[in-house]
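Following: one structure in structure tokens, then a few remarks.
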Number of protein chains: 2
Amino acid sequence: MTVTREDVQRAATRIAGRVRRTPVLQVSPTLTLKLELLQHVGSFKPRGAFNRLLSAKEQGLLTGQGVVAASGGNAGLAAAYAARELGVPARIFVPVNAPAPKVARLRTLDADVVQVGNEYAEAYEAAAVACEESGALLVHAFDQPEVVAGQGTIGLELLEDLDDFDTVLVAVGGGGLIAGISTAIGDRAKVVAVEPELAPTLARTLAAGERVDVQVGGLAADSLGARRLGELAFEAVKANSVRSVLVDEDAIVAARNELWHEYHLAVEHGAAVSYAALLSGAYQPVDGERVVAVICGANTDPSTLG
Amino acid sequence: MTVTREDVQRAATRIAGRVRRTPVLQVSPTLTLKLELLQHVGSFKPRGAFNRLLSAKEQGLLTGQGVVAASGGNAGLAAAYAARELGVPARIFVPVNAPAPKVARLRTLDADVVQVGNEYAEAYEAAAVACEESGALLVHAFDQPEVVAGQGTIGLELLEDLDDFDTVLVAVGGGGLIAGISTAIGDRAKVVAVEPELAPTLARTLAAGERVDVQVGGLAADSLGARRLGELAFEAVKANSVRSVLVDEDAIVAARNELWHEYHLAVEHGAAVSYAALLSGAYQPVDGERVVAVICGANTDPSTLG
């Protein structure tokens, strides 16, 4: 099971008009921000969700049973949004302790929110069973080919919209975004993965040489806290020689603050890590190296920005 | 005294590299947002300030006495920012009752903040006297040719960056932005001015056929609350047949909320009026009319966005 650049190109055609073509902001001669936080429901996730749903629809696999996902975060919002746009129901499984505002937001997207179990592993199990029983379509948060291909469309947009660049910095949780972008970009630029020190899923996986369970926590765990890297992500980062850098909590907070104060962008912690890699020196460009930082999520409490 | 399209083009050359070329976000086939809120210090004002300072510098008029402005808002921030970038001092005059956070923010830009009088008219008088005495350069908030020409560079960017559009919606306070944009765009598209019902400076001026003092208030008064339209603005709106529409307070609040919830943009009330004109129907495009709403300011308390 692997995702190709052609899969990403097909995804771009498929989801055109369903997702926003997000703009870039050049902030210096060598630094550009890809403003993916302006995407529908505030993260890149609708790209993958739409590609998953529309691919299934082409194959007659999107039935009146609709879709199922297990996520109270950006992946759940994206699945619910895409389902609503395509006129099918969405059932979103979350643990019983999922924060009330997240559950409420899913319901504003007309999702049927099912609270089950004490953690996501249990919610995911329940979601998988529900799919088996009902024939609904499972939308994984990161480890499905259509999801990866959809996220990769960001990479194609960068290649089309920018004259030239050397390096792209991408946040990693389960790895759907890095898998897609590194596949889309291939050897046209260097793709660098950035993770919180407290959620080093890719770094530990690369160190172990195989996918392993990793303890995750910290400020960005709500979006980057996947305990195990996706299989597709592992394949893609190996195939595209993606290196990984880590940023600490202070760097994430400083980057999020600077994105707000300097660029007026309201960014969630997980989406600040790419910029944090530059600010902290975890990634140090050489002289003249043209870097793109993907800013991939806006779902944050704005009262914490001031 | 008038500003020409050539003045705007010269301004664009002069300020290139000093201001951000802000991106556009196409949100539907017929609606595009110009994301000028991502500009330095959170509003369009640095365009005019840099053009004013750099023009003076070319003429040897920017001395070690630096610049003076009377504004605790976006114009003051812009003057302070531009002065700091060009290595000259800035003295910013504000009333004694200016909010402490605004004074503090000006000081983080190394400005010398002078608190004098009970309202802006008095602060402005003191600023003018200070310029007379010291030879410092006065940067007006809206009614100077270089300031108007600088703001107009937004119009040139729209003409360059968009394939085609019919209409631009622009917020009006003292009128520097509408003067510049309507001069830049001329008859290439329709330029529509949007004002709060509670700060109808342009609407009353057009109705009276001359510049008159207008009572101003409401949620957007901090950025759009000029009591008298600028002379240059009056000339420009007449020359370019700019029409004016009004939006009420509820429409401004609804637009600001929607810009946050749908597009993840943190926008100040005054910068939400262009979008409010569409949302409320104060401006009703015909079928297929391609509209650009300029979103021109981000200086807002983020804790009021949730």
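To be explicit about the labels: the chains of the structure tokens are called A, B, and onward in the order shown, and within each one the residues are counted from 1, while ligands get numbers from 1 in the order they are shown.
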From the DSSP assignment of the backbone, select every residue of segment 123-281 of chain A that is alpha helix (DSSP H), and format the answer as a PyMOL selection string. chain A and resi 123-134+145-161+176-185+201-208+221-224+231-239+249-263+273-280
May I have the selected residues written with C-alpha atoms, as a PDB file, in the first residue's frame?
```
ATOM      1  CA  ALA A 123     -13.601   5.279  20.509  1.00  0.00           C
ATOM      2  CA  TYR A 124     -11.734   4.074  17.437  1.00  0.00           C
ATOM      3  CA  GLU A 125     -12.621   0.444  18.119  1.00  0.00           C
ATOM      4  CA  ALA A 126     -16.286   1.395  18.461  1.00  0.00           C
ATOM      5  CA  ALA A 127     -16.083   3.377  15.207  1.00  0.00           C
ATOM      6  CA  ALA A 128     -14.588   0.420  13.348  1.00  0.00           C
ATOM      7  CA  VAL A 129     -17.293  -1.896  14.662  1.00  0.00           C
ATOM      8  CA  ALA A 130     -19.966   0.605  13.636  1.00  0.00           C
ATOM      9  CA  CYS A 131     -18.579   0.620  10.099  1.00  0.00           C
ATOM     10  CA  GLU A 132     -18.539  -3.164   9.932  1.00  0.00           C
ATOM     11  CA  GLU A 133     -22.133  -3.339  11.062  1.00  0.00           C
ATOM     12  CA  SER A 134     -23.589  -0.496   9.027  1.00  0.00           C
ATOM     13  CA  PRO A 145      -4.230   6.378   1.013  1.00  0.00           C
ATOM     14  CA  GLU A 146      -6.998   8.770   0.010  1.00  0.00           C
ATOM     15  CA  VAL A 147      -6.465  10.822   3.153  1.00  0.00           C
ATOM     16  CA  VAL A 148      -2.714  11.046   2.552  1.00  0.00           C
ATOM     17  CA  ALA A 149      -3.213  11.947  -1.112  1.00  0.00           C
ATOM     18  CA  GLY A 150      -5.658  14.695  -0.152  1.00  0.00           C
ATOM     19  CA  GLN A 151      -3.273  16.282   2.337  1.00  0.00           C
ATOM     20  CA  GLY A 152      -0.554  16.135  -0.302  1.00  0.00           C
ATOM     21  CA  THR A 153      -2.404  18.667  -2.436  1.00  0.00           C
ATOM     22  CA  ILE A 154      -0.807  21.331  -0.236  1.00  0.00           C
ATOM     23  CA  GLY A 155       2.533  20.307  -1.709  1.00  0.00           C
ATOM     24  CA  LEU A 156       1.242  20.648  -5.264  1.00  0.00           C
ATOM     25  CA  GLU A 157      -0.081  24.132  -4.485  1.00  0.00           C
ATOM     26  CA  LEU A 158       3.321  25.172  -3.172  1.00  0.00           C
ATOM     27  CA  LEU A 159       4.985  23.947  -6.364  1.00  0.00           C
ATOM     28  CA  GLU A 160       2.453  25.865  -8.451  1.00  0.00           C
ATOM     29  CA  ASP A 161       2.235  29.066  -6.422  1.00  0.00           C
ATOM     30  CA  GLY A 176      -0.802  12.115   7.095  1.00  0.00           C
ATOM     31  CA  LEU A 177       0.334  15.605   6.181  1.00  0.00           C
ATOM     32  CA  ILE A 178       4.044  14.822   5.914  1.00  0.00           C
ATOM     33  CA  ALA A 179       3.282  11.687   3.912  1.00  0.00           C
ATOM     34  CA  GLY A 180       1.195  13.628   1.430  1.00  0.00           C
ATOM     35  CA  ILE A 181       3.455  16.648   1.115  1.00  0.00           C
ATOM     36  CA  SER A 182       6.678  14.637   0.816  1.00  0.00           C
ATOM     37  CA  THR A 183       5.055  12.464  -1.855  1.00  0.00           C
ATOM     38  CA  ALA A 184       3.878  15.517  -3.785  1.00  0.00           C
ATOM     39  CA  ILE A 185       7.196  17.304  -3.577  1.00  0.00           C
ATOM     40  CA  THR A 201       6.359   9.871  17.273  1.00  0.00           C
ATOM     41  CA  LEU A 202       8.258  10.133  13.998  1.00  0.00           C
ATOM     42  CA  ALA A 203      11.652  10.715  15.616  1.00  0.00           C
ATOM     43  CA  ARG A 204      11.287   7.579  17.762  1.00  0.00           C
ATOM     44  CA  THR A 205      10.035   5.599  14.807  1.00  0.00           C
ATOM     45  CA  LEU A 206      13.014   6.606  12.675  1.00  0.00           C
ATOM     46  CA  ALA A 207      15.375   5.833  15.571  1.00  0.00           C
ATOM     47  CA  ALA A 208      13.815   2.408  16.080  1.00  0.00           C
ATOM     48  CA  ALA A 221      -0.996  16.707  21.955  1.00  0.00           C
ATOM     49  CA  ASP A 222      -4.572  17.512  20.938  1.00  0.00           C
ATOM     50  CA  SER A 223      -3.495  17.744  17.307  1.00  0.00           C
ATOM     51  CA  LEU A 224      -0.072  16.035  17.160  1.00  0.00           C
ATOM     52  CA  GLU A 231       2.110   3.020   8.018  1.00  0.00           C
ATOM     53  CA  LEU A 232       1.790   5.243   4.950  1.00  0.00           C
ATOM     54  CA  ALA A 233       3.722   7.986   6.680  1.00  0.00           C
ATOM     55  CA  PHE A 234       6.531   5.586   7.560  1.00  0.00           C
ATOM     56  CA  GLU A 235       6.781   4.484   3.932  1.00  0.00           C
ATOM     57  CA  ALA A 236       6.692   8.050   2.625  1.00  0.00           C
ATOM     58  CA  VAL A 237       9.301   9.509   4.959  1.00  0.00           C
ATOM     59  CA  LYS A 238      11.670   6.649   4.148  1.00  0.00           C
ATOM     60  CA  ALA A 239      11.072   6.963   0.407  1.00  0.00           C
ATOM     61  CA  GLU A 249       7.266  23.473  24.686  1.00  0.00           C
ATOM     62  CA  ASP A 250       8.756  26.935  25.183  1.00  0.00           C
ATOM     63  CA  ALA A 251       9.600  27.151  21.498  1.00  0.00           C
ATOM     64  CA  ILE A 252       6.043  26.202  20.553  1.00  0.00           C
ATOM     65  CA  VAL A 253       4.582  28.865  22.842  1.00  0.00           C
ATOM     66  CA  ALA A 254       7.026  31.506  21.580  1.00  0.00           C
ATOM     67  CA  ALA A 255       6.251  30.646  17.959  1.00  0.00           C
ATOM     68  CA  ARG A 256       2.493  30.771  18.525  1.00  0.00           C
ATOM     69  CA  ASN A 257       2.865  34.157  20.231  1.00  0.00           C
ATOM     70  CA  GLU A 258       5.023  35.531  17.445  1.00  0.00           C
ATOM     71  CA  LEU A 259       2.637  34.292  14.758  1.00  0.00           C
ATOM     72  CA  TRP A 260      -0.074  36.218  16.551  1.00  0.00           C
ATOM     73  CA  HIS A 261       1.807  39.397  17.378  1.00  0.00           C
ATOM     74  CA  GLU A 262       3.839  39.728  14.186  1.00  0.00           C
ATOM     75  CA  TYR A 263       1.553  38.191  11.573  1.00  0.00           C
ATOM     76  CA  VAL A 273       5.727  23.831  15.487  1.00  0.00           C
ATOM     77  CA  SER A 274       6.941  24.428  11.922  1.00  0.00           C
ATOM     78  CA  TYR A 275       7.621  28.065  12.715  1.00  0.00           C
ATOM     79  CA  ALA A 276       9.022  27.065  16.112  1.00  0.00           C
ATOM     80  CA  ALA A 277      11.708  25.015  14.367  1.00  0.00           C
ATOM     81  CA  LEU A 278      13.036  28.200  12.774  1.00  0.00           C
ATOM     82  CA  LEU A 279      12.587  30.437  15.788  1.00  0.00           C
ATOM     83  CA  SER A 280      14.354  28.032  18.124  1.00  0.00           C
TER      84      SER A 280
END
```
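All residues of protein, DNA or RNA that reach within 7 Å of Gly174 of chain A, judged by only C-alpha atoms and not counting those fewer than 6 positions away in the chain, are A:Phe142, A:Leu224, A:Ala226, A:Arg228, A:Leu229, A:Gly230.
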Compile the residues of chain A that lie within 9 Å of chain B, evaluated using only C-alpha atoms, and express the compilation as a VMD selection string. chain A and resid 17 20 to 29 37 to 42 261 to 266 298 to 299 301 to 306
Expected file: the selected residues, N, CA, C and O atoms, as a compact mmCIF listing (two decimals), in the first residue's frame:
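New file selection-v7.txt:
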```txt
# COMPACT_ATOMS: atom_id res chain seq x y z
N GLY A 17 -12.54 23.00 -5.66
CA GLY A 17 -13.83 23.64 -5.42
C GLY A 17 -14.45 23.25 -4.09
O GLY A 17 -15.33 23.94 -3.59
N ARG A 20 -10.54 25.20 0.14
CA ARG A 20 -9.98 26.51 -0.23
C ARG A 20 -8.54 26.33 -0.71
O ARG A 20 -7.76 25.59 -0.12
N ARG A 21 -8.22 27.03 -1.78
CA ARG A 21 -6.82 27.12 -2.17
C ARG A 21 -6.23 28.20 -1.27
O ARG A 21 -6.44 29.39 -1.47
N THR A 22 -5.50 27.76 -0.27
CA THR A 22 -5.04 28.71 0.74
C THR A 22 -3.85 29.52 0.22
O THR A 22 -3.01 29.00 -0.52
N PRO A 23 -3.79 30.79 0.60
CA PRO A 23 -2.71 31.64 0.08
C PRO A 23 -1.41 31.44 0.85
O PRO A 23 -1.38 30.80 1.90
N VAL A 24 -0.35 32.00 0.29
CA VAL A 24 0.93 32.06 1.00
C VAL A 24 1.21 33.51 1.37
O VAL A 24 0.75 34.43 0.70
N LEU A 25 1.97 33.69 2.43
CA LEU A 25 2.40 35.02 2.85
C LEU A 25 3.92 35.02 2.90
O LEU A 25 4.51 34.28 3.68
N GLN A 26 4.52 35.83 2.03
CA GLN A 26 5.98 35.92 2.08
C GLN A 26 6.36 36.91 3.15
O GLN A 26 6.01 38.09 3.08
N VAL A 27 7.06 36.45 4.16
CA VAL A 27 7.36 37.34 5.28
C VAL A 27 8.80 37.84 5.26
O VAL A 27 9.15 38.75 6.00
N SER A 28 9.62 37.26 4.43
CA SER A 28 10.99 37.75 4.23
C SER A 28 11.45 37.17 2.91
O SER A 28 10.79 36.31 2.34
N PRO A 29 12.61 37.63 2.41
CA PRO A 29 13.06 37.08 1.12
C PRO A 29 13.25 35.56 1.16
O PRO A 29 13.17 34.90 0.12
N LEU A 37 -4.11 27.34 7.73
CA LEU A 37 -5.05 27.53 8.86
C LEU A 37 -6.34 28.20 8.41
O LEU A 37 -7.34 28.17 9.14
N LEU A 38 -6.33 28.81 7.21
CA LEU A 38 -7.55 29.46 6.71
C LEU A 38 -8.50 28.48 6.00
O LEU A 38 -9.54 28.87 5.49
N GLN A 39 -8.12 27.21 6.00
CA GLN A 39 -8.94 26.18 5.37
C GLN A 39 -10.28 26.02 6.11
O GLN A 39 -10.41 26.43 7.26
N HIS A 40 -11.25 25.44 5.43
CA HIS A 40 -12.53 25.11 6.07
C HIS A 40 -12.30 24.38 7.40
O HIS A 40 -11.41 23.54 7.50
N VAL A 41 -13.13 24.67 8.36
CA VAL A 41 -13.06 24.13 9.72
C VAL A 41 -11.67 24.23 10.35
O VAL A 41 -11.37 23.54 11.32
N GLY A 42 -10.84 25.10 9.83
CA GLY A 42 -9.62 25.51 10.53
C GLY A 42 -8.44 24.57 10.53
O GLY A 42 -7.56 24.70 11.39
N HIS A 261 1.43 37.99 17.22
CA HIS A 261 1.81 39.40 17.38
C HIS A 261 2.42 39.98 16.11
O HIS A 261 2.21 41.15 15.80
N GLU A 262 3.18 39.20 15.38
CA GLU A 262 3.84 39.73 14.19
C GLU A 262 3.00 39.57 12.93
O GLU A 262 3.05 40.41 12.03
N TYR A 263 2.26 38.48 12.83
CA TYR A 263 1.55 38.19 11.57
C TYR A 263 0.04 38.16 11.72
O TYR A 263 -0.67 37.93 10.74
N HIS A 264 -0.45 38.31 12.97
CA HIS A 264 -1.88 38.41 13.21
C HIS A 264 -2.60 37.12 12.81
O HIS A 264 -3.75 37.13 12.35
N LEU A 265 -1.91 36.02 13.01
CA LEU A 265 -2.46 34.70 12.72
C LEU A 265 -2.76 33.98 14.04
O LEU A 265 -1.88 33.85 14.90
N ALA A 266 -4.00 33.53 14.18
CA ALA A 266 -4.40 32.80 15.37
C ALA A 266 -4.19 31.31 15.10
O ALA A 266 -4.93 30.71 14.32
N ALA A 298 -5.93 26.38 12.91
CA ALA A 298 -6.36 27.59 13.62
C ALA A 298 -7.25 27.28 14.82
O ALA A 298 -7.76 28.20 15.46
N ASN A 299 -7.46 26.01 15.13
CA ASN A 299 -8.44 25.69 16.16
C ASN A 299 -7.86 25.85 17.56
O ASN A 299 -7.38 24.91 18.17
N ASP A 301 -8.15 28.45 21.33
CA ASP A 301 -8.95 29.37 22.13
C ASP A 301 -8.36 30.77 21.98
O ASP A 301 -7.27 31.04 22.47
N PRO A 302 -9.07 31.67 21.31
CA PRO A 302 -8.47 32.97 21.03
C PRO A 302 -8.19 33.79 22.30
O PRO A 302 -7.34 34.67 22.27
N SER A 303 -8.87 33.45 23.39
CA SER A 303 -8.63 34.23 24.60
C SER A 303 -7.24 33.97 25.16
O SER A 303 -6.76 34.69 26.03
N THR A 304 -6.54 32.94 24.66
CA THR A 304 -5.19 32.65 25.13
C THR A 304 -4.13 33.32 24.25
O THR A 304 -2.94 33.06 24.41
N LEU A 305 -4.55 34.17 23.32
CA LEU A 305 -3.59 34.76 22.40
C LEU A 305 -3.03 36.10 22.87
O LEU A 305 -1.97 36.52 22.45
N GLY A 306 -3.79 36.81 23.67
CA GLY A 306 -3.43 38.19 24.00
C GLY A 306 -2.10 38.32 24.69
O GLY A 306 -1.09 38.71 24.16
```
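Considering only C-alpha atoms, the residue among B:Glu268, B:Glu210, B:Asp110, B:Asp287 positioned nearest to Asn74 of chain B is B:Glu268.
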Would you pick out the contacts of Val192 of chain B at 6 Å or less, using only C-alpha atoms, so that residues sharing its chain but fewer than 5 positions from it are not included, and give the list as a PDB file with N, CA and C atoms, in the first residue's frame?
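The resulting file, result_38.pdb, is shown below:
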```pdb
ATOM      1  N   LEU B 169     -15.041  46.491  -2.069  1.00  0.00           N
ATOM      2  CA  LEU B 169     -15.682  47.093  -0.895  1.00  0.00           C
ATOM      3  C   LEU B 169     -14.606  47.531   0.082  1.00  0.00           C
ATOM      4  N   VAL B 242     -17.432  57.208  -6.343  1.00  0.00           N
ATOM      5  CA  VAL B 242     -17.559  56.185  -5.303  1.00  0.00           C
ATOM      6  C   VAL B 242     -18.889  56.347  -4.596  1.00  0.00           C
ATOM      7  N   ARG B 243     -19.635  55.268  -4.500  1.00  0.00           N
ATOM      8  CA  ARG B 243     -20.868  55.354  -3.720  1.00  0.00           C
ATOM      9  C   ARG B 243     -20.630  54.801  -2.322  1.00  0.00           C
ATOM     10  N   SER B 244     -21.523  55.138  -1.426  1.00  0.00           N
ATOM     11  CA  SER B 244     -21.346  54.763  -0.023  1.00  0.00           C
ATOM     12  C   SER B 244     -22.541  53.972   0.470  1.00  0.00           C
TER      13      SER B 244
END
```
Enumerate, as a ChimeraX atom specification, the complete set of residues in segment 151-244 of chain A that a backbone-based DSSP assignment places in strand (DSSP E). /A:167-171,190-196,243-244
Restricted to all heavy atoms, what would the selected residues look like written as a short mmCIF file (atom, residue, chain, number, x, y, z; two decimals), in the first residue's frame?
```cif
data_model
loop_
_atom_site.label_atom_id
_atom_site.label_comp_id
_atom_site.auth_asym_id
_atom_site.auth_seq_id
_atom_site.Cartn_x
_atom_site.Cartn_y
_atom_site.Cartn_z
N THR A 167 13.05 24.29 0.91
CA THR A 167 12.73 23.47 2.09
C THR A 167 11.30 23.74 2.54
O THR A 167 10.85 24.88 2.50
CB THR A 167 13.69 23.85 3.24
OG1 THR A 167 15.03 23.75 2.76
CG2 THR A 167 13.51 22.93 4.44
N VAL A 168 10.62 22.69 2.96
CA VAL A 168 9.29 22.84 3.55
C VAL A 168 9.30 22.24 4.95
O VAL A 168 9.74 21.09 5.12
CB VAL A 168 8.20 22.12 2.72
CG1 VAL A 168 6.81 22.46 3.26
CG2 VAL A 168 8.30 22.47 1.25
N LEU A 169 8.83 23.00 5.91
CA LEU A 169 8.73 22.51 7.28
C LEU A 169 7.28 22.13 7.58
O LEU A 169 6.37 22.94 7.38
CB LEU A 169 9.18 23.60 8.26
CG LEU A 169 10.61 24.11 8.09
CD1 LEU A 169 10.88 25.27 9.06
CD2 LEU A 169 11.61 22.99 8.35
N VAL A 170 7.09 20.91 8.07
CA VAL A 170 5.74 20.36 8.22
C VAL A 170 5.58 19.72 9.60
O VAL A 170 6.43 18.91 10.01
CB VAL A 170 5.47 19.28 7.14
CG1 VAL A 170 4.06 18.73 7.26
CG2 VAL A 170 5.71 19.83 5.74
N ALA A 171 4.50 20.05 10.28
CA ALA A 171 4.20 19.43 11.57
C ALA A 171 3.81 17.97 11.38
O ALA A 171 3.16 17.62 10.39
CB ALA A 171 3.05 20.17 12.24
N LYS A 190 13.47 19.95 -0.17
CA LYS A 190 13.69 19.15 1.02
C LYS A 190 12.46 19.28 1.93
O LYS A 190 11.98 20.39 2.15
CB LYS A 190 14.94 19.67 1.72
CG LYS A 190 15.34 18.93 2.97
CD LYS A 190 16.77 19.28 3.39
CE LYS A 190 16.96 20.74 3.70
NZ LYS A 190 18.26 21.05 4.32
N VAL A 191 11.96 18.17 2.41
CA VAL A 191 10.83 18.22 3.34
C VAL A 191 11.32 17.83 4.72
O VAL A 191 11.94 16.77 4.89
CB VAL A 191 9.69 17.30 2.88
CG1 VAL A 191 8.53 17.33 3.88
CG2 VAL A 191 9.19 17.72 1.49
N VAL A 192 11.08 18.70 5.69
CA VAL A 192 11.55 18.48 7.06
C VAL A 192 10.36 18.35 7.98
O VAL A 192 9.46 19.20 7.97
CB VAL A 192 12.47 19.63 7.52
CG1 VAL A 192 12.88 19.44 8.98
CG2 VAL A 192 13.69 19.75 6.61
N ALA A 193 10.35 17.28 8.76
CA ALA A 193 9.28 17.05 9.73
C ALA A 193 9.61 17.72 11.05
O ALA A 193 10.77 17.67 11.49
CB ALA A 193 9.12 15.54 9.96
N VAL A 194 8.61 18.34 11.67
CA VAL A 194 8.82 18.96 12.97
C VAL A 194 7.82 18.39 13.97
O VAL A 194 6.63 18.31 13.68
CB VAL A 194 8.66 20.49 12.91
CG1 VAL A 194 9.09 21.12 14.23
CG2 VAL A 194 9.43 21.10 11.74
N GLU A 195 8.34 17.99 15.12
CA GLU A 195 7.49 17.42 16.17
C GLU A 195 7.83 18.06 17.51
O GLU A 195 8.95 18.48 17.74
CB GLU A 195 7.76 15.92 16.31
CG GLU A 195 7.46 15.10 15.10
CD GLU A 195 7.76 13.63 15.38
OE1 GLU A 195 8.95 13.27 15.49
OE2 GLU A 195 6.81 12.87 15.53
N PRO A 196 6.85 18.07 18.41
CA PRO A 196 7.16 18.48 19.78
C PRO A 196 8.06 17.43 20.45
O PRO A 196 7.89 16.23 20.22
CB PRO A 196 5.79 18.51 20.48
CG PRO A 196 4.77 18.48 19.38
CD PRO A 196 5.41 17.76 18.24
N ARG A 243 13.83 14.19 7.06
CA ARG A 243 14.44 14.20 8.38
C ARG A 243 13.51 14.85 9.38
O ARG A 243 12.56 15.55 9.01
CB ARG A 243 15.80 14.90 8.37
CG ARG A 243 15.77 16.31 7.86
CD ARG A 243 17.13 16.95 7.95
NE ARG A 243 17.41 17.35 9.31
CZ ARG A 243 18.16 18.41 9.64
NH1 ARG A 243 18.75 19.12 8.68
NH2 ARG A 243 18.36 18.73 10.89
N SER A 244 13.77 14.61 10.64
CA SER A 244 12.88 15.09 11.69
C SER A 244 13.64 15.96 12.68
O SER A 244 14.77 15.66 13.05
CB SER A 244 12.27 13.86 12.39
OG SER A 244 11.99 14.14 13.74
#
```
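Our summary of the geometry notes that atom CA of Val103 of chain B is positioned 9.0 Å from atom CA of Gln115 of chain B.
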Could you state the separation of atom CA of Gln59 of chain B and atom CA of Arg84 of chain B in Å, given to one decimal place? 19.1 Å
For segment 106-109 of chain A, list every protein, DNA or RNA residue within 8 Å, evaluated using only C-alpha atoms, and leave out those in the same chain fewer than 4 positions away; present the list as an mmCIF file with all heavy atoms, in the first residue's frame.
```
data_model
loop_
_atom_site.group_PDB
_atom_site.id
_atom_site.type_symbol
_atom_site.label_atom_id
_atom_site.label_comp_id
_atom_site.auth_asym_id
_atom_site.auth_seq_id
_atom_site.Cartn_x
_atom_site.Cartn_y
_atom_site.Cartn_z
ATOM 1 N N GLY A 72 -12.247 13.834 18.195
ATOM 2 C CA GLY A 72 -12.920 15.050 18.640
ATOM 3 C C GLY A 72 -12.193 16.283 18.164
ATOM 4 O O GLY A 72 -12.570 17.407 18.482
ATOM 5 N N GLY A 76 -12.063 14.883 13.082
ATOM 6 C CA GLY A 76 -13.505 14.723 13.257
ATOM 7 C C GLY A 76 -14.280 15.869 12.631
ATOM 8 O O GLY A 76 -15.296 15.668 11.946
ATOM 9 N N LEU A 77 -13.791 17.094 12.847
ATOM 10 C CA LEU A 77 -14.446 18.259 12.241
ATOM 11 C C LEU A 77 -14.451 18.140 10.719
ATOM 12 O O LEU A 77 -15.444 18.447 10.057
ATOM 13 C CB LEU A 77 -13.713 19.549 12.632
ATOM 14 C CG LEU A 77 -13.844 19.996 14.093
ATOM 15 C CD1 LEU A 77 -12.894 21.160 14.367
ATOM 16 C CD2 LEU A 77 -15.278 20.395 14.405
ATOM 17 N N ALA A 80 -16.915 15.465 9.504
ATOM 18 C CA ALA A 80 -18.295 15.954 9.648
ATOM 19 C C ALA A 80 -18.601 17.015 8.593
ATOM 20 O O ALA A 80 -19.679 17.018 7.984
ATOM 21 C CB ALA A 80 -18.491 16.527 11.057
ATOM 22 N N TYR A 81 -17.647 17.908 8.369
ATOM 23 C CA TYR A 81 -17.860 18.977 7.380
ATOM 24 C C TYR A 81 -18.010 18.412 5.975
ATOM 25 O O TYR A 81 -18.935 18.763 5.229
ATOM 26 C CB TYR A 81 -16.693 19.965 7.441
ATOM 27 C CG TYR A 81 -16.764 21.028 6.374
ATOM 28 C CD1 TYR A 81 -17.626 22.112 6.511
ATOM 29 C CD2 TYR A 81 -15.993 20.931 5.218
ATOM 30 C CE1 TYR A 81 -17.713 23.083 5.521
ATOM 31 C CE2 TYR A 81 -16.074 21.898 4.222
ATOM 32 C CZ TYR A 81 -16.939 22.969 4.375
ATOM 33 O OH TYR A 81 -17.025 23.908 3.396
ATOM 34 N N ARG A 84 -21.336 16.611 5.547
ATOM 35 C CA ARG A 84 -22.451 17.546 5.424
ATOM 36 C C ARG A 84 -22.479 18.167 4.031
ATOM 37 O O ARG A 84 -23.540 18.273 3.394
ATOM 38 C CB ARG A 84 -22.350 18.640 6.491
ATOM 39 C CG ARG A 84 -23.629 19.461 6.603
ATOM 40 C CD ARG A 84 -23.469 20.644 7.523
ATOM 41 N NE ARG A 84 -22.436 21.568 7.059
ATOM 42 C CZ ARG A 84 -22.165 22.737 7.628
ATOM 43 N NH1 ARG A 84 -22.802 23.089 8.721
ATOM 44 N NH2 ARG A 84 -21.238 23.534 7.142
ATOM 45 N N ILE A 92 -19.543 10.606 14.598
ATOM 46 C CA ILE A 92 -18.184 10.854 15.083
ATOM 47 C C ILE A 92 -18.066 10.280 16.496
ATOM 48 O O ILE A 92 -18.799 10.684 17.404
ATOM 49 C CB ILE A 92 -17.857 12.364 15.100
ATOM 50 C CG1 ILE A 92 -18.201 13.020 13.749
ATOM 51 C CG2 ILE A 92 -16.392 12.569 15.462
ATOM 52 C CD1 ILE A 92 -17.393 12.554 12.557
ATOM 53 N N LYS A 102 -15.801 20.816 22.054
ATOM 54 C CA LYS A 102 -15.517 20.056 20.834
ATOM 55 C C LYS A 102 -16.745 19.275 20.391
ATOM 56 O O LYS A 102 -17.069 19.216 19.196
ATOM 57 C CB LYS A 102 -14.340 19.105 21.069
ATOM 58 C CG LYS A 102 -13.025 19.839 21.289
ATOM 59 C CD LYS A 102 -11.842 18.915 21.097
ATOM 60 C CE LYS A 102 -10.553 19.733 21.058
ATOM 61 N NZ LYS A 102 -9.376 18.912 20.769
ATOM 62 N N VAL A 113 -22.769 12.696 17.381
ATOM 63 C CA VAL A 113 -21.580 12.466 18.210
ATOM 64 C C VAL A 113 -21.866 11.322 19.180
ATOM 65 O O VAL A 113 -22.833 11.372 19.944
ATOM 66 C CB VAL A 113 -21.176 13.731 18.996
ATOM 67 C CG1 VAL A 113 -19.914 13.461 19.807
ATOM 68 C CG2 VAL A 113 -20.970 14.903 18.038
#
```
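Straight-line separation from atom CA of Pro89 of chain A to atom CA of Gly66 of chain A: 4.7 Å.
Here the question is which of A:Gln65, A:Ala70, A:Thr32, A:Gly217 gets nearest to Glu119 of chain A using only C-alpha atoms, and that residue is A:Ala70.
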